[in-house]
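S.K.: Below you'll find the structure I mean.
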Amino acid sequence: MNAEARGGRSAQLKHTGLRPGWTTGACATAATTAAYTALLTGDFPDPVTITLPKGQTPAFALALEELTAGPGGAVAMAGVVKDAGDDPDVTHGALVRSTVRRLPPGSGVVFRAGPGVGTVTLPGLPLDVGEPAVNPVPRRLMREHVERVAAEHGGTGDVEITVSVDHGEEIARSTWNGRLGILGGLSILGTTGVVVPYSCSAWIDSIRRGVDVARAAGLTHVAGCTGSTSEKTVVSEYGLPDIALLDMGDFAGAVLKYVRRHPVARLTICGGFAKLSKLAAGHLDLHSARSQVDKPFLADLARRGGADATLASRIATANTGLEALRLCEAANVPLGDLVAARARDEALSVLRGAPVAVDVICIDRAGVVVGRG
């Protein structure tokens, strides 16, 4: 049975009719793979093929390639133009470059921020202060591909990777990076390597279709998930089949309103702590352009959970929701559970008495469950 017939996340994407694209992390990985290959062989593979976390093997054409000899040895640079598909991504068309040079054996892989890539200056992000804003999954992808190239062409895999984005500092003014303390440019992002195209009407229609397919198949338990990590969590927790997984994205309200009119016995909502804190605060659209994490709201919840005035004040001025969560974890204040419980209450209020049991699971960026309600 194909994805279209089965329903679930893959069928939702197909149903939108929108073309997916590639993340900046995937582009940086492709550029790094090409550059390191050239460093070892003298030739740039073009197109260059990479393997993404879910097994896709896209090929990227090189927009730039340069191999030069310097006082410290040869340096290779490759550039890839980002294609975001049908998503209105501000980085669509951006030129992502990776410059690779050898390091002494045992150095490992070292990341640097080149022009147009930001640097982390505040806590609360999944990177330490002072680190280039190259997120954990793109880092892992680049390390894996460096290892493969090294194994194939006799390298050590010890390299410095400098990622840059042409006009990245200018593009970053259209993002939230400045407020998050990421200064000097963009973040290199992506957990799957794929940009899921965004269209309110198309995506909400696909959610409705997902509910319809699940109900027609006789399922009594479905899950609204904010992304691939939360999908993995609910499958691990409940063993749900693909057809039960609704790619909710930011549209929590769309799921709840449609399930209110077309009930299923049980609905699990699973997503990142920060996103679900928005639902807990009463927001039904969780997109960063239309709702923000309310730190004073989190501080109030924490006070009700036993936080003292000092901790509450630190939460209210935290840089991110993740920082607020970590502060509470260190003080044994169950902020994750409090957010999940309040999010469940908000969901039930939208359901208006429909015969649907709801539970909420909050996770961190690594997929670890940090709250239940």
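Every chain in the structure tokens has a letter given in the order shown (A, B, ...), and although residue numbers restart at 1 in each chain, ligands are simply numbered from 1 in the order shown.
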Just list the residues in region 28-239 of chain A DSSP gives alpha helix (DSSP H) on the backbone, as a ChimeraX atom specification.

M.R.: /A:28-41,136-153,168-172,200-216,228-238

S.K.: Give me, as a ChimeraX atom specification, all polymer residues having an atom no more than 12 Å from region 304-312 of chain A, counting only C-alpha atoms and skipping those fewer than 2 positions away in the same chain.

M.R.: /A:295-302,314-318,323-339,341-342

S.K.: Compile the contact shell of Ala38 (chain A) as a PDB file with all heavy atoms, in the first residue's frame: residues with an atom at most 8 Å away, counting only C-alpha atoms, same-chain residues fewer than 5 positions apart removed.

M.R.:
ATOM      1  N   ASP A  43      40.055  16.744  -7.291  1.00  0.00           N
ATOM      2  CA  ASP A  43      38.861  16.919  -8.127  1.00  0.00           C
ATOM      3  C   ASP A  43      37.618  17.105  -7.273  1.00  0.00           C
ATOM      4  O   ASP A  43      37.418  16.400  -6.269  1.00  0.00           O
ATOM      5  CB  ASP A  43      38.661  15.705  -9.038  1.00  0.00           C
ATOM      6  CG  ASP A  43      39.769  15.568 -10.067  1.00  0.00           C
ATOM      7  OD1 ASP A  43      40.152  16.593 -10.658  1.00  0.00           O
ATOM      8  OD2 ASP A  43      40.241  14.424 -10.269  1.00  0.00           O
ATOM      9  N   PHE A  44      36.749  18.039  -7.714  1.00  0.00           N
ATOM     10  CA  PHE A  44      35.478  18.261  -7.047  1.00  0.00           C
ATOM     11  C   PHE A  44      34.397  17.380  -7.680  1.00  0.00           C
ATOM     12  O   PHE A  44      34.187  17.461  -8.902  1.00  0.00           O
ATOM     13  CB  PHE A  44      35.038  19.724  -7.189  1.00  0.00           C
ATOM     14  CG  PHE A  44      35.843  20.692  -6.383  1.00  0.00           C
ATOM     15  CD1 PHE A  44      37.024  21.230  -6.890  1.00  0.00           C
ATOM     16  CD2 PHE A  44      35.420  21.090  -5.121  1.00  0.00           C
ATOM     17  CE1 PHE A  44      37.769  22.138  -6.159  1.00  0.00           C
ATOM     18  CE2 PHE A  44      36.149  21.999  -4.379  1.00  0.00           C
ATOM     19  CZ  PHE A  44      37.337  22.521  -4.894  1.00  0.00           C
ATOM     20  N   PRO A  45      33.710  16.548  -6.903  1.00  0.00           N
ATOM     21  CA  PRO A  45      32.575  15.815  -7.463  1.00  0.00           C
ATOM     22  C   PRO A  45      31.430  16.784  -7.747  1.00  0.00           C
ATOM     23  O   PRO A  45      31.077  17.594  -6.901  1.00  0.00           O
ATOM     24  CB  PRO A  45      32.196  14.829  -6.349  1.00  0.00           C
ATOM     25  CG  PRO A  45      32.669  15.482  -5.088  1.00  0.00           C
ATOM     26  CD  PRO A  45      33.895  16.267  -5.477  1.00  0.00           C
ATOM     27  N   LEU A  67      40.279  25.391  -5.321  1.00  0.00           N
ATOM     28  CA  LEU A  67      41.326  24.633  -4.643  1.00  0.00           C
ATOM     29  C   LEU A  67      42.602  25.449  -4.720  1.00  0.00           C
ATOM     30  O   LEU A  67      43.103  25.746  -5.816  1.00  0.00           O
ATOM     31  CB  LEU A  67      41.513  23.269  -5.314  1.00  0.00           C
ATOM     32  CG  LEU A  67      42.509  22.293  -4.680  1.00  0.00           C
ATOM     33  CD1 LEU A  67      42.115  21.963  -3.250  1.00  0.00           C
ATOM     34  CD2 LEU A  67      42.608  21.017  -5.516  1.00  0.00           C
ATOM     35  N   ALA A  76      40.398  23.865   0.273  1.00  0.00           N
ATOM     36  CA  ALA A  76      39.363  23.663  -0.744  1.00  0.00           C
ATOM     37  C   ALA A  76      38.073  24.324  -0.297  1.00  0.00           C
ATOM     38  O   ALA A  76      37.695  24.267   0.883  1.00  0.00           O
ATOM     39  CB  ALA A  76      39.124  22.176  -0.991  1.00  0.00           C
TER      40      ALA A  76
END

S.K.: So the first atom is CA of Leu189 (chain A) and the second is CA of Pro47 (chain A); what is the distance between them in Å, to one decimal place?

M.R.: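 A separation of 21.8 Å between them.
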
S.K.: Can you check which residues of region 175-355 of chain A DSSP gives as strand (DSSP E) on the backbone and send them as a PyMOL selection string?

M.R.: chain A and resi 182-183+185-186+194-195+221-225+245-247+266-272
